[in-house]
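Trainee: Provided below: structure-v9.txt, containing compact mmCIF, C-alpha atoms and all ligand atoms.
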```txt
# COMPACT_ATOMS: atom_id res chain seq x y z
CA MET A 443 17.90 -38.46 -9.99
CA GLN A 444 16.50 -36.24 -7.29
CA THR A 445 14.49 -33.21 -8.37
CA VAL A 446 15.42 -29.77 -7.05
CA ALA A 447 13.41 -28.91 -3.95
CA VAL A 448 12.22 -25.32 -4.31
CA SER A 449 11.13 -23.10 -1.43
CA ALA A 450 7.93 -24.18 0.29
CA ARG A 451 7.06 -20.47 0.61
CA LEU A 452 6.07 -20.57 -3.06
CA ASP A 453 3.26 -23.07 -2.41
CA GLN A 454 0.96 -20.19 -1.48
CA VAL A 455 2.17 -17.74 -4.12
CA ARG A 456 0.14 -17.27 -7.31
CA TYR A 457 0.20 -14.82 -10.20
CA ASP A 458 -2.29 -16.25 -12.64
CA ILE A 459 -2.28 -13.30 -15.05
CA ARG A 460 0.78 -15.10 -16.45
CA GLY A 461 -0.15 -18.52 -15.06
CA PRO A 462 -1.07 -21.91 -16.57
CA LEU A 463 -3.57 -20.41 -19.00
CA SER A 464 -0.90 -18.10 -20.36
CA ARG A 465 1.48 -21.05 -20.79
CA ARG A 466 -1.23 -22.84 -22.78
CA ALA A 467 -1.64 -19.72 -24.97
CA HIS A 468 2.09 -19.80 -25.72
CA GLU A 469 1.82 -23.48 -26.71
CA LEU A 470 -1.07 -22.71 -29.05
CA GLU A 471 0.87 -19.82 -30.57
CA ALA A 472 3.84 -22.12 -31.12
CA GLU A 473 1.44 -24.42 -33.02
CA GLY A 474 0.60 -21.49 -35.30
CA ARG A 475 -2.64 -20.16 -33.79
CA ARG A 476 -3.14 -16.40 -33.36
CA ILE A 477 -4.27 -15.63 -29.81
CA LEU A 478 -5.96 -12.38 -28.82
CA ARG A 479 -4.25 -11.42 -25.57
CA LEU A 480 -6.84 -9.76 -23.38
CA ASN A 481 -5.10 -10.91 -20.20
CA ILE A 482 -2.43 -8.24 -19.72
CA GLY A 483 -2.67 -4.43 -19.60
CA ASN A 484 0.27 -4.00 -21.96
CA PRO A 485 -0.39 -1.02 -24.29
CA GLY A 486 2.64 -1.69 -26.51
CA LEU A 487 1.04 -4.98 -27.63
CA PHE A 488 -1.92 -3.12 -29.13
CA GLY A 489 -0.20 -0.48 -31.23
CA PHE A 490 0.18 2.22 -28.57
CA ARG A 491 3.56 3.93 -28.73
CA VAL A 492 5.54 5.53 -25.92
CA PRO A 493 5.27 9.34 -26.43
CA GLN A 494 8.02 10.61 -28.75
CA HIS A 495 9.51 13.01 -26.22
CA LEU A 496 10.18 10.11 -23.82
CA ARG A 497 11.84 8.06 -26.55
CA ASP A 498 13.96 11.09 -27.52
CA ALA A 499 15.03 11.66 -23.91
CA ILE A 500 16.22 8.09 -23.63
CA SER A 501 18.18 8.14 -26.90
CA GLU A 502 19.80 11.42 -25.96
CA LYS A 503 20.78 10.26 -22.47
CA LEU A 504 22.04 6.81 -23.45
CA PRO A 505 25.70 7.91 -23.14
CA GLN A 506 24.95 9.08 -19.57
CA SER A 507 23.42 5.75 -18.60
CA GLU A 508 26.50 3.59 -18.40
CA ALA A 509 27.21 3.75 -14.67
CA TYR A 510 25.11 2.64 -11.72
CA CYS A 511 23.24 5.53 -10.16
CA HIS A 512 22.22 6.20 -6.54
CA GLN A 513 20.28 3.26 -5.08
CA GLN A 514 17.15 5.42 -4.83
CA GLY A 515 17.44 6.56 -8.45
CA LEU A 516 18.54 9.62 -10.43
CA LEU A 517 18.05 12.81 -8.45
CA GLU A 518 16.58 14.68 -11.43
CA ALA A 519 13.83 12.03 -11.73
CA ARG A 520 13.13 11.89 -8.00
CA GLU A 521 12.85 15.68 -7.88
CA ALA A 522 10.30 15.64 -10.71
CA ILE A 523 8.25 12.98 -8.90
CA ALA A 524 8.37 14.78 -5.55
CA ALA A 525 7.37 18.06 -7.24
CA GLN A 526 4.36 16.36 -8.86
CA HIS A 527 3.26 14.89 -5.51
CA ARG A 528 3.69 18.29 -3.83
CA ARG A 529 1.50 19.89 -6.50
CA HIS A 530 -1.21 17.47 -5.35
CA GLY A 531 -0.73 18.47 -1.72
CA ALA A 532 1.53 15.68 -0.41
CA ALA A 533 4.58 16.51 1.69
CA ALA A 534 6.87 14.63 -0.71
CA ALA A 535 10.64 15.03 -0.98
CA ALA A 536 13.20 13.67 -3.45
CA GLU A 537 15.16 12.05 -0.56
CA ARG A 538 12.10 9.95 0.21
CA VAL A 539 11.42 8.78 -3.33
CA PHE A 540 12.65 5.36 -4.49
CA LEU A 541 12.81 4.33 -8.13
CA GLY A 542 12.32 0.73 -9.13
CA ASN A 543 12.12 -1.59 -12.11
CA GLY A 544 8.39 -1.02 -12.28
CA VAL A 545 6.05 -0.60 -9.33
CA SER A 546 6.26 -4.39 -9.13
CA GLU A 547 9.78 -4.32 -7.72
CA LEU A 548 8.86 -1.62 -5.20
CA ILE A 549 5.85 -3.57 -3.93
CA GLY A 550 8.20 -6.44 -3.13
CA LEU A 551 10.76 -4.12 -1.54
CA SER A 552 8.13 -2.42 0.63
CA LEU A 553 6.69 -5.66 1.94
CA SER A 554 10.21 -7.01 2.64
CA ALA A 555 10.88 -3.82 4.55
CA LEU A 556 7.72 -4.07 6.64
CA LEU A 557 6.86 -7.69 7.35
CA ASP A 558 7.89 -10.25 9.93
CA PRO A 559 6.47 -13.77 9.69
CA GLY A 560 2.77 -13.75 10.58
CA ASP A 561 2.26 -10.01 10.13
CA GLU A 562 -1.03 -9.22 8.46
CA VAL A 563 -1.69 -6.95 5.50
CA LEU A 564 -5.18 -5.76 4.57
CA VAL A 565 -5.58 -6.24 0.82
CA PRO A 566 -8.66 -5.57 -1.33
CA ALA A 567 -10.51 -8.46 -2.97
CA PRO A 568 -10.47 -8.44 -5.90
CA ASP A 569 -6.87 -7.18 -5.87
CA TYR A 570 -4.00 -6.74 -8.26
CA PRO A 571 -2.66 -10.17 -7.29
CA LEU A 572 0.95 -9.14 -6.82
CA TRP A 573 -0.11 -7.60 -3.50
CA THR A 574 -1.34 -10.92 -2.13
CA ALA A 575 1.59 -12.82 -3.68
CA ALA A 576 4.27 -10.46 -2.37
CA THR A 577 2.72 -10.44 1.10
CA ARG A 578 2.94 -14.25 1.25
CA LEU A 579 6.42 -14.30 -0.28
CA ASN A 580 7.59 -12.09 2.57
CA GLY A 581 6.08 -14.29 5.27
CA GLY A 582 3.01 -12.12 5.75
CA VAL A 583 -0.66 -13.03 5.83
CA PRO A 584 -2.96 -11.24 3.38
CA VAL A 585 -6.34 -10.48 4.96
CA HIS A 586 -8.80 -9.55 2.25
CA TYR A 587 -11.46 -6.86 2.52
CA GLN A 588 -14.26 -7.24 0.01
CA CYS A 589 -15.10 -4.81 -2.80
CA PRO A 590 -18.07 -6.61 -4.40
CA PRO A 591 -20.07 -5.53 -7.47
CA GLU A 592 -23.19 -5.00 -5.31
CA ARG A 593 -21.30 -2.05 -3.77
CA ASP A 594 -19.91 -0.80 -7.09
CA HIS A 595 -16.66 -2.50 -6.06
CA LEU A 596 -16.10 0.01 -3.24
CA PRO A 597 -14.65 -1.05 0.12
CA ASP A 598 -16.70 -0.83 3.32
CA PRO A 599 -14.53 0.94 5.94
CA ASP A 600 -16.45 -0.74 8.80
CA GLU A 601 -15.54 -4.13 7.39
CA ILE A 602 -11.90 -3.08 7.08
CA ALA A 603 -11.85 -1.83 10.68
CA ALA A 604 -13.33 -5.12 11.88
CA LEU A 605 -10.48 -7.06 10.21
CA VAL A 606 -7.71 -5.21 12.06
CA THR A 607 -5.83 -7.31 14.66
CA PRO A 608 -2.71 -6.65 16.75
CA ARG A 609 -0.72 -8.27 13.88
CA THR A 610 -2.00 -5.89 11.18
CA LYS A 611 0.86 -3.90 9.71
CA ALA A 612 -0.43 -2.24 6.57
CA LEU A 613 -3.51 -1.35 4.56
CA VAL A 614 -3.24 -1.67 0.77
CA VAL A 615 -5.38 0.76 -1.23
CA ILE A 616 -5.48 0.22 -5.01
CA ASN A 617 -7.10 3.36 -6.34
CA PRO A 618 -8.02 3.65 -9.18
CA ASN A 619 -8.54 -0.07 -8.93
CA ASN A 620 -7.31 -2.92 -11.06
CA PRO A 621 -9.21 -5.14 -11.88
CA THR A 622 -12.54 -3.35 -11.16
CA GLY A 623 -11.95 0.18 -12.49
CA ALA A 624 -13.46 1.65 -9.31
CA VAL A 625 -12.38 5.13 -8.20
CA TYR A 626 -12.79 5.64 -4.46
CA PRO A 627 -14.78 8.64 -3.24
CA ARG A 628 -13.29 11.04 -0.72
CA ALA A 629 -15.44 9.74 2.17
CA VAL A 630 -14.10 6.19 1.70
CA LEU A 631 -10.51 7.45 1.50
CA ASP A 632 -10.92 9.57 4.64
CA ALA A 633 -12.31 6.57 6.48
CA MET A 634 -9.37 4.40 5.38
CA VAL A 635 -6.91 7.04 6.56
CA ALA A 636 -8.72 7.19 9.91
CA ILE A 637 -8.39 3.41 10.31
CA ALA A 638 -4.66 3.56 9.52
CA GLU A 639 -4.21 6.42 11.99
CA ARG A 640 -6.18 4.71 14.75
CA HIS A 641 -4.36 1.39 14.47
CA GLY A 642 -0.87 2.57 13.51
CA LEU A 643 -0.96 1.01 10.03
CA VAL A 644 1.16 1.94 7.04
CA LEU A 645 -0.89 2.96 4.00
CA LEU A 646 0.32 1.34 0.78
CA CYS A 647 -1.30 3.36 -2.01
CA ASP A 648 -1.05 1.80 -5.45
CA GLU A 649 -1.98 4.72 -7.70
CA ILE A 650 -0.42 3.53 -10.96
CA TYR A 651 -3.66 4.36 -12.88
CA ASP A 652 -4.00 7.85 -11.39
CA SER A 653 -4.86 9.59 -14.65
CA VAL A 654 -6.55 6.84 -16.66
CA LEU A 655 -10.03 8.19 -15.84
CA TYR A 656 -13.39 8.13 -17.69
CA ASP A 657 -16.63 10.13 -17.46
CA GLY A 658 -15.06 12.91 -15.38
CA ALA A 659 -14.19 10.54 -12.51
CA LYS A 660 -12.17 12.39 -9.89
CA PHE A 661 -9.09 10.65 -8.49
CA GLU A 662 -7.82 11.82 -5.10
CA PRO A 663 -4.31 10.79 -4.09
CA LEU A 664 -4.24 9.41 -0.56
CA ALA A 665 -1.03 10.94 0.80
CA PRO A 666 -2.37 14.52 1.01
CA LEU A 667 -5.27 13.22 3.14
CA ALA A 668 -2.89 11.39 5.47
CA LEU A 669 -0.20 13.93 6.29
CA ASP A 670 1.08 12.30 9.52
CA VAL A 671 0.29 8.70 8.63
CA PRO A 672 3.15 6.62 7.20
CA CYS A 673 2.25 6.24 3.59
CA ILE A 674 3.95 4.84 0.48
CA SER A 675 2.45 6.09 -2.79
CA TYR A 676 3.28 4.16 -5.95
CA GLY A 677 3.19 5.40 -9.55
CA GLY A 678 5.04 4.74 -12.75
CA LEU A 679 5.43 5.03 -16.49
CA SER A 680 3.84 1.71 -17.46
CA LYS A 681 0.20 2.72 -17.79
CA VAL A 682 -0.29 6.49 -17.78
CA HIS A 683 2.72 6.93 -20.09
CA LEU A 684 2.18 3.70 -22.06
CA ALA A 685 5.74 2.53 -21.34
CA CYS A 686 5.39 -0.92 -19.70
CA GLY A 687 8.62 -2.16 -21.23
CA TYR A 688 10.71 0.64 -19.76
CA ARG A 689 10.17 -0.87 -16.30
CA VAL A 690 9.96 2.41 -14.40
CA GLY A 691 8.08 2.79 -11.16
CA TRP A 692 8.40 4.97 -8.10
CA ALA A 693 7.46 4.95 -4.45
CA SER A 694 7.14 8.16 -2.45
CA VAL A 695 7.25 7.81 1.34
CA THR A 696 5.41 10.42 3.38
CA GLY A 697 4.22 10.82 6.98
CA ALA A 698 5.57 12.18 10.23
CA GLU A 699 9.40 12.15 10.06
CA ARG A 700 9.82 10.37 13.41
CA ARG A 701 7.46 7.59 12.35
CA ILE A 702 8.87 6.91 8.91
CA ARG A 703 12.62 7.08 9.64
CA PRO A 704 13.09 3.30 10.15
CA LEU A 705 11.02 2.58 7.03
CA LEU A 706 13.22 4.90 4.96
CA HIS A 707 16.35 3.17 6.27
CA ALA A 708 14.92 -0.26 5.50
CA LEU A 709 13.94 0.74 1.97
CA ASP A 710 17.34 2.30 1.42
CA LEU A 711 19.08 -0.90 2.53
CA LEU A 712 16.88 -3.07 0.30
CA ALA A 713 17.31 -0.68 -2.64
CA SER A 714 21.09 -0.88 -2.10
CA LEU A 715 21.04 -4.67 -2.27
CA ARG A 716 19.88 -4.43 -5.87
CA LEU A 717 22.26 -1.53 -6.57
CA CYS A 718 19.85 0.62 -8.61
CA SER A 719 17.08 0.29 -11.17
CA ASN A 720 17.59 0.55 -14.93
CA VAL A 721 19.29 3.93 -15.39
CA THR A 722 18.51 4.47 -19.09
CA ALA A 723 14.77 4.37 -18.54
CA GLN A 724 14.90 6.74 -15.57
CA TRP A 725 15.72 9.61 -17.96
CA ALA A 726 12.18 9.40 -19.29
CA ILE A 727 10.62 10.31 -15.94
CA LYS A 728 11.14 14.07 -15.86
CA PRO A 729 9.93 14.64 -19.45
CA ALA A 730 6.97 12.33 -18.77
CA LEU A 731 5.86 14.30 -15.73
CA GLU A 732 6.57 17.74 -17.12
CA GLY A 733 5.62 17.30 -20.79
CA PRO A 734 2.36 16.69 -22.66
CA ASN A 735 0.37 13.57 -21.79
CA GLU A 736 -1.80 11.73 -24.30
CA ILE A 737 -3.76 9.58 -21.88
CA GLY A 738 -6.41 12.25 -21.17
CA LYS A 739 -7.32 12.29 -24.89
CA LEU A 740 -7.55 8.52 -25.11
CA THR A 741 -10.12 8.36 -22.32
CA GLN A 742 -12.41 11.11 -23.70
CA PRO A 743 -15.39 10.36 -26.02
CA GLY A 744 -13.91 9.57 -29.44
CA GLY A 745 -10.63 8.47 -27.82
CA ARG A 746 -9.42 4.93 -28.32
CA LEU A 747 -9.81 3.75 -24.71
CA TYR A 748 -13.19 5.43 -24.25
CA GLU A 749 -14.56 3.78 -27.38
CA ALA A 750 -13.04 0.44 -26.42
CA ARG A 751 -14.81 0.63 -23.08
CA ALA A 752 -18.04 1.46 -24.94
CA ALA A 753 -17.56 -1.65 -27.11
CA ILE A 754 -17.27 -3.80 -23.98
CA ARG A 755 -20.29 -2.13 -22.36
CA ASN A 756 -22.35 -2.72 -25.49
CA GLY A 757 -21.26 -6.34 -25.65
CA VAL A 758 -22.23 -6.84 -22.01
CA ALA A 759 -25.57 -5.09 -22.59
CA ARG A 760 -26.30 -7.44 -25.52
CA SER A 761 -25.27 -10.53 -23.56
CA GLN A 762 -27.80 -13.01 -22.23
CA PHE A 763 -25.45 -13.88 -19.36
CA LEU A 764 -23.27 -10.93 -18.32
CA THR A 765 -23.54 -7.99 -15.92
CA MET A 766 -20.91 -5.34 -15.20
CA VAL A 767 -20.25 -2.31 -13.06
CA THR A 768 -18.95 0.25 -15.58
CA PRO A 769 -15.25 0.86 -14.95
CA GLN A 770 -14.51 4.49 -14.11
CA ALA A 771 -10.77 4.15 -14.58
CA ALA A 772 -7.79 2.02 -15.62
CA LEU A 773 -7.50 -0.41 -18.52
CA TYR A 774 -9.83 -3.29 -17.63
CA ALA A 775 -13.41 -4.47 -17.48
CA PHE A 776 -14.49 -7.01 -14.85
CA PRO A 777 -17.81 -8.49 -15.97
CA GLY A 778 -19.68 -11.09 -13.95
CA VAL A 779 -21.83 -13.99 -15.10
CA ASP A 780 -25.33 -13.90 -13.65
CA PRO A 781 -25.49 -17.05 -11.47
CA GLU A 782 -29.23 -17.39 -12.13
CA ARG A 783 -28.66 -17.59 -15.86
CA LEU A 784 -25.59 -19.86 -15.65
CA PRO A 785 -25.72 -21.83 -12.39
CA GLY A 786 -22.50 -23.68 -11.53
CA PHE A 787 -20.41 -21.45 -13.82
CA ASP A 788 -16.69 -21.86 -13.21
CA ASP A 789 -14.43 -19.01 -14.32
CA GLU A 790 -11.32 -21.13 -14.90
CA THR A 791 -13.12 -23.78 -16.96
CA PHE A 792 -14.73 -21.01 -18.98
CA ALA A 793 -11.42 -19.20 -19.60
CA LEU A 794 -9.77 -22.42 -20.79
CA GLY A 795 -12.71 -23.13 -23.12
CA LEU A 796 -12.52 -19.61 -24.53
CA LEU A 797 -8.83 -20.02 -25.23
CA GLU A 798 -9.18 -23.44 -26.87
CA ASN A 799 -12.34 -22.65 -28.86
CA GLU A 800 -12.04 -18.94 -29.64
CA ASN A 801 -8.30 -18.17 -29.35
CA ILE A 802 -8.84 -15.50 -26.70
CA ILE A 803 -7.03 -15.35 -23.38
CA LEU A 804 -8.48 -13.41 -20.44
CA VAL A 805 -8.06 -13.79 -16.69
CA PRO A 806 -10.52 -15.73 -14.47
CA GLY A 807 -11.86 -13.52 -11.66
CA SER A 808 -10.73 -15.92 -8.93
CA SER A 809 -7.12 -15.08 -9.91
CA PHE A 810 -7.75 -11.75 -8.18
CA ASN A 811 -8.27 -13.40 -4.81
CA ILE A 812 -12.05 -13.43 -4.63
CA ALA A 813 -14.01 -16.49 -3.56
CA ALA A 814 -16.67 -16.00 -6.25
CA ARG A 815 -16.00 -17.91 -9.46
CA ASN A 816 -18.26 -16.01 -11.83
CA HIS A 817 -16.09 -13.10 -13.01
CA PHE A 818 -13.34 -12.50 -15.53
CA ARG A 819 -11.10 -9.59 -16.45
CA LEU A 820 -10.30 -8.38 -19.93
CA THR A 821 -8.23 -5.42 -20.99
CA MET A 822 -9.79 -2.61 -23.04
CA LEU A 823 -6.57 -1.94 -24.96
CA PRO A 824 -7.52 -3.49 -28.36
CA GLU A 825 -9.29 -1.53 -31.11
CA PRO A 826 -13.06 -1.26 -30.43
CA ALA A 827 -13.85 -3.41 -33.49
CA VAL A 828 -11.61 -6.17 -32.15
CA LEU A 829 -13.43 -5.97 -28.82
CA ASP A 830 -16.81 -6.16 -30.58
CA GLU A 831 -15.70 -9.48 -32.06
CA ALA A 832 -14.17 -10.64 -28.78
CA LEU A 833 -17.43 -9.98 -26.92
CA ALA A 834 -19.31 -11.97 -29.57
CA ALA A 835 -16.83 -14.83 -29.11
CA ILE A 836 -17.25 -14.65 -25.33
CA GLU A 837 -21.02 -14.87 -25.78
CA ARG A 838 -20.61 -17.96 -28.00
CA GLU A 839 -18.47 -19.64 -25.34
CA LEU A 840 -20.99 -18.70 -22.61
CA ALA A 841 -23.75 -20.24 -24.73
CA ARG A 842 -21.67 -23.42 -25.14
CA THR A 843 -21.19 -23.46 -21.34
CA ALA A 844 -24.95 -23.11 -20.86
CA GLU A 845 -25.58 -26.15 -23.08
CA LYS A 846 -23.28 -28.42 -21.06
N1 LIG A 901 -0.06 -2.10 -9.64
C1 LIG A 901 -1.12 -2.33 -10.41
C2 LIG A 901 -2.48 -2.04 -9.86
C3 LIG A 901 -0.97 -2.83 -11.70
O1 LIG A 901 -2.05 -3.06 -12.47
C4 LIG A 901 0.33 -3.11 -12.19
C5 LIG A 901 0.54 -3.71 -13.52
O2 LIG A 901 -0.39 -4.09 -14.21
C6 LIG A 901 1.42 -2.85 -11.34
C7 LIG A 901 1.19 -2.34 -10.08
C8 LIG A 901 2.83 -3.12 -11.77
O3 LIG A 901 3.24 -2.27 -12.80
P1 LIG A 901 4.72 -2.03 -13.24
O4 LIG A 901 5.59 -3.02 -12.57
O5 LIG A 901 4.73 -2.18 -14.73
O6 LIG A 901 5.05 -0.62 -12.82
```
Is it possible to express this structure as structure tokens?
Mentor:
Amino acid sequence: MQTVAVSARLDQVRYDIRGPLSRRAHELEAEGRRILRLNIGNPGLFGFRVPQHLRDAISEKLPQSEAYCHQQGLLEAREAIAAQHRRHGAAAAAERVFLGNGVSELIGLSLSALLDPGDEVLVPAPDYPLWTAATRLNGGVPVHYQCPPERDHLPDPDEIAALVTPRTKALVVINPNNPTGAVYPRAVLDAMVAIAERHGLVLLCDEIYDSVLYDGAKFEPLAPLALDVPCISYGGLSKVHLACGYRVGWASVTGAERRIRPLLHALDLLASLRLCSNVTAQWAIKPALEGPNEIGKLTQPGGRLYEARAAIRNGVARSQFLTMVTPQAALYAFPGVDPERLPGFDDETFALGLLENENIILVPGSSFNIAARNHFRLTMLPEPAVLDEALAAIERELARTAEK
């Protein structure tokens, strides 16, 4: 019997955060092992609850969630999002906000709206790998600009400018960054805006971690710095409001009206094709943006995320093999293995060994579209004591690797 031939486009598409390693973890779990899942930034897995006022809003509005809504989303929610963006200085409007089943869906929609085959998109490396995957899925070519640890994981605007070609359509900015936890300073952001302006690029600003900040790091949204430049700013409930499972994300389109009109029409068409996003969960948006927010407490000294980050830093400091740029934001650490201490280290082999020997799953750094194979990402969502043990287990596996 002939096997089904799937699309050749998928040959180049990878999302290893849930890739082969994750499938192996499921097999081991089915065999009865308990696996510590450090691979996904999913707060609900680690005892975090969605704030009560969001849960209440959803229960209360369930009876009003039975019909499809407008393809862009509930007006009340879009108004709350636009108002929040305006408070930060962006020229946002509810008619230019699109709600999606997570930012994930809107990333796909945006790239479908923008790309013709062969169009190039500037994407950071390391990146949140959906950006590279969705670019390829839509016929585009991801062109990676480097954000290496030697530069505290910051981009070099001159390098970005040098990568622009007549086919470049868009510049992706993931700030605060996943996986590195870098927060971009104003000078870097201004330089990125200037590049977009000079070359007629659309800025795609993934700001889903905008208030998961440590040590007084200051996040600056990009849209207010780019008033005339076409810009799509993404945010959502998954991280800042601990509600990954609600699948709520938004995209706010800004820039000179004349320039963004076709983009708005394209997004509206694509949003219509999928009718609307989950209506029930959209009712949580306004209370989330206008009510109290716990995340600021979690990232302060004594807060769960702050102390978890400290546990990882201490583990790295104790390690014979690891180095790390301290994350200033988001939910991840991205340590590197010192190549002098472990020559020939291979991140994927290491991650598989850690899973088989220590029952811990994390993500090899090369899954984030970097050429180097000496990094890995782990989430800082578990209790600090659990991370203390995880870092000890990682050190044991590194020592085993060194003996081979
Ligand atoms: N962007 C970044 C940088 C992320 O880390 C994630 C999820 O981890 C997403 C987008 C997608 O989030 P969601 O689809 O849950 O809104």
Trainee: Could you check how far CA of Ala726 (chain A) sits from CA of Arg497 (chain A), in Å to one decimal?
Mentor: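 Taking CA of Ala726 (chain A) and CA of Arg497 (chain A), their separation equals 7.4 Å.
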Trainee: 10 Å from ligand LIG 901 (chain A) is the threshold here; counting all atoms listed in the file, which polymer residues fall inside it? Answer as a ChimeraX atom specification.
Mentor: /A:459,482-484,542-549,569-573,615-621,647-651,676-681,684-692,772-774
Trainee: Give me, as a count of residues only, all polymer residues having an atom no more than 10 Å from Glu798 (chain A), counting all atoms listed in the file and skipping those fewer than 6 positions away in the same chain.
Mentor: 5
Trainee: Considering all atoms listed in the file, state which residue in the set A:Val583, A:Ala759, A:Ala659, A:Ala612 is at the smallest distance from Val635 (chain A).
Mentor: A:Ala612
Trainee: I'd like to know which of A:Lys660, A:His495, A:Arg815, A:His530 is closest to Ala771 (chain A), using all atoms listed in the file.
Mentor: A:Lys660
Trainee: How many Å separate CA of Arg716 (chain A) from CA of Gln513 (chain A)?
Mentor: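 Straight-line distance from CA of Arg716 (chain A) to CA of Gln513 (chain A) works out to 7.7 Å.
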Trainee: Find, counting all atoms listed in the file, the residue in A:Arg520, A:Ala750, A:Tyr510, A:Lys611 that gets nearest to Gly560 (chain A).
Mentor: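 Distance minimum relative to Gly560 (chain A) lands on A:Lys611.
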Trainee: Please measure the separation of CA of Leu712 (chain A) and CA of Phe540 (chain A), giving the value in Å to one decimal.
Mentor: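 Between CA of Leu712 (chain A) and CA of Phe540 (chain A) the gap is 10.6 Å.
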Trainee: Which residues, protein or nucleic acid, reach to within 12 Å of (-11.2, 8.2, -23.0) in the file's coordinates when using all atoms listed in the file, and can you give that as a count of residues only?
Mentor: 31
Trainee: Restricting the calculation to all atoms listed in the file, which member of A:Pro485, A:Pro584, A:Pro591, A:Gly474 is positioned closest to Pro559 (chain A)?
Mentor: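 Of all the options, A:Pro584 lies closest to Pro559 (chain A).
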Trainee: Identify which of the residues A:Pro729, A:Pro590, A:Gly461, A:Pro785 lies closest to Glu518 (chain A), counting only C-alpha atoms when measuring atom-to-atom distances.
Mentor: A:Pro729
Trainee: I'd like to know which of A:Gln526, A:Gln514, A:Ser552, A:Ser501 is closest to Glu732 (chain A), using all atoms listed in the file.
Mentor: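 Among A:Gln526, A:Gln514, A:Ser552, A:Ser501, it is A:Gln526 that comes nearest to Glu732 (chain A).
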Trainee: List every protein, DNA or RNA residue with an atom no more than 9 Å from (14.2, 8.6, -18.9) in the file's coordinates, counting all atoms listed in the file, and format the result as a list of chain:residue names.
Mentor: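 Selection result: A:Leu496, A:Arg497, A:Asp498, A:Ala499, A:Ile500, A:Ser501, A:Lys503, A:Ala519, A:Tyr688, A:Val690, A:Val721, A:Thr722, A:Ala723, A:Gln724, A:Trp725, A:Ala726, A:Ile727, A:Lys728, A:Pro729, A:Ala730.
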Trainee: Which neighbours of Arg479 (chain A) fall inside 10 Å, counting all atoms listed in the file, when residues of the same chain fewer than 2 positions from it are skipped, and could you give them as a count of residues only?
Mentor: 20
Trainee: Residues at most 9 Å from region 594-602 of chain A, counting only C-alpha atoms, excluding those fewer than 3 positions away in the same chain, as a PDB file with C-alpha atoms, keeping the file's coordinate frame?
Mentor:
```
ATOM      1  CA  LEU A 564      -5.180  -5.760   4.570  1.00  0.00           C
ATOM      2  CA  PRO A 566      -8.660  -5.570  -1.330  1.00  0.00           C
ATOM      3  CA  PRO A 568     -10.470  -8.440  -5.900  1.00  0.00           C
ATOM      4  CA  HIS A 586      -8.800  -9.550   2.250  1.00  0.00           C
ATOM      5  CA  TYR A 587     -11.460  -6.860   2.520  1.00  0.00           C
ATOM      6  CA  GLN A 588     -14.260  -7.240   0.010  1.00  0.00           C
ATOM      7  CA  CYS A 589     -15.100  -4.810  -2.800  1.00  0.00           C
ATOM      8  CA  PRO A 590     -18.070  -6.610  -4.400  1.00  0.00           C
ATOM      9  CA  PRO A 591     -20.070  -5.530  -7.470  1.00  0.00           C
ATOM     10  CA  LEU A 605     -10.480  -7.060  10.210  1.00  0.00           C
ATOM     11  CA  VAL A 606      -7.710  -5.210  12.060  1.00  0.00           C
ATOM     12  CA  LEU A 613      -3.510  -1.350   4.560  1.00  0.00           C
ATOM     13  CA  ASN A 619      -8.540  -0.070  -8.930  1.00  0.00           C
ATOM     14  CA  THR A 622     -12.540  -3.350 -11.160  1.00  0.00           C
ATOM     15  CA  GLY A 623     -11.950   0.180 -12.490  1.00  0.00           C
ATOM     16  CA  ALA A 624     -13.460   1.650  -9.310  1.00  0.00           C
ATOM     17  CA  VAL A 625     -12.380   5.130  -8.200  1.00  0.00           C
ATOM     18  CA  TYR A 626     -12.790   5.640  -4.460  1.00  0.00           C
ATOM     19  CA  PRO A 627     -14.780   8.640  -3.240  1.00  0.00           C
ATOM     20  CA  VAL A 630     -14.100   6.190   1.700  1.00  0.00           C
ATOM     21  CA  LEU A 631     -10.510   7.450   1.500  1.00  0.00           C
ATOM     22  CA  ALA A 633     -12.310   6.570   6.480  1.00  0.00           C
ATOM     23  CA  MET A 634      -9.370   4.400   5.380  1.00  0.00           C
ATOM     24  CA  ILE A 637      -8.390   3.410  10.310  1.00  0.00           C
ATOM     25  CA  VAL A 767     -20.250  -2.310 -13.060  1.00  0.00           C
ATOM     26  CA  THR A 768     -18.950   0.250 -15.580  1.00  0.00           C
TER      27      THR A 768
END
```
Trainee: Near region 575-582 of chain A, counting only C-alpha atoms, which residues have an atom at most 8 Å away, once you skip same-chain residues fewer than 3 positions from it, shown as a PyMOL selection string?
Mentor: chain A and resi 451-452+454-457+549-550+553-554+557-563+571-572
Trainee: Report as an NGL selection string all protein, DNA and RNA residues lying within 12 Å of Asn756 (chain A), evaluated on all atoms listed in the file, omitting residues in the same chain fewer than 5 positions from it.
Mentor: :A and (749-751 or 761 or 764-766 or 768 or 826-827 or 829-834)
Trainee: Let me know the centre plus edge lengths, in Å and rounded to one decimal, of a box with edges along x, y and z that contains all listed atoms of region 537-541 of chain A and is padded by 3 Å on every side, as JSON.
Mentor:
```
{"center_x": 13.3, "center_y": 8.2, "center_z": -4.0, "size_x": 9.7, "size_y": 13.7, "size_z": 14.3}
```
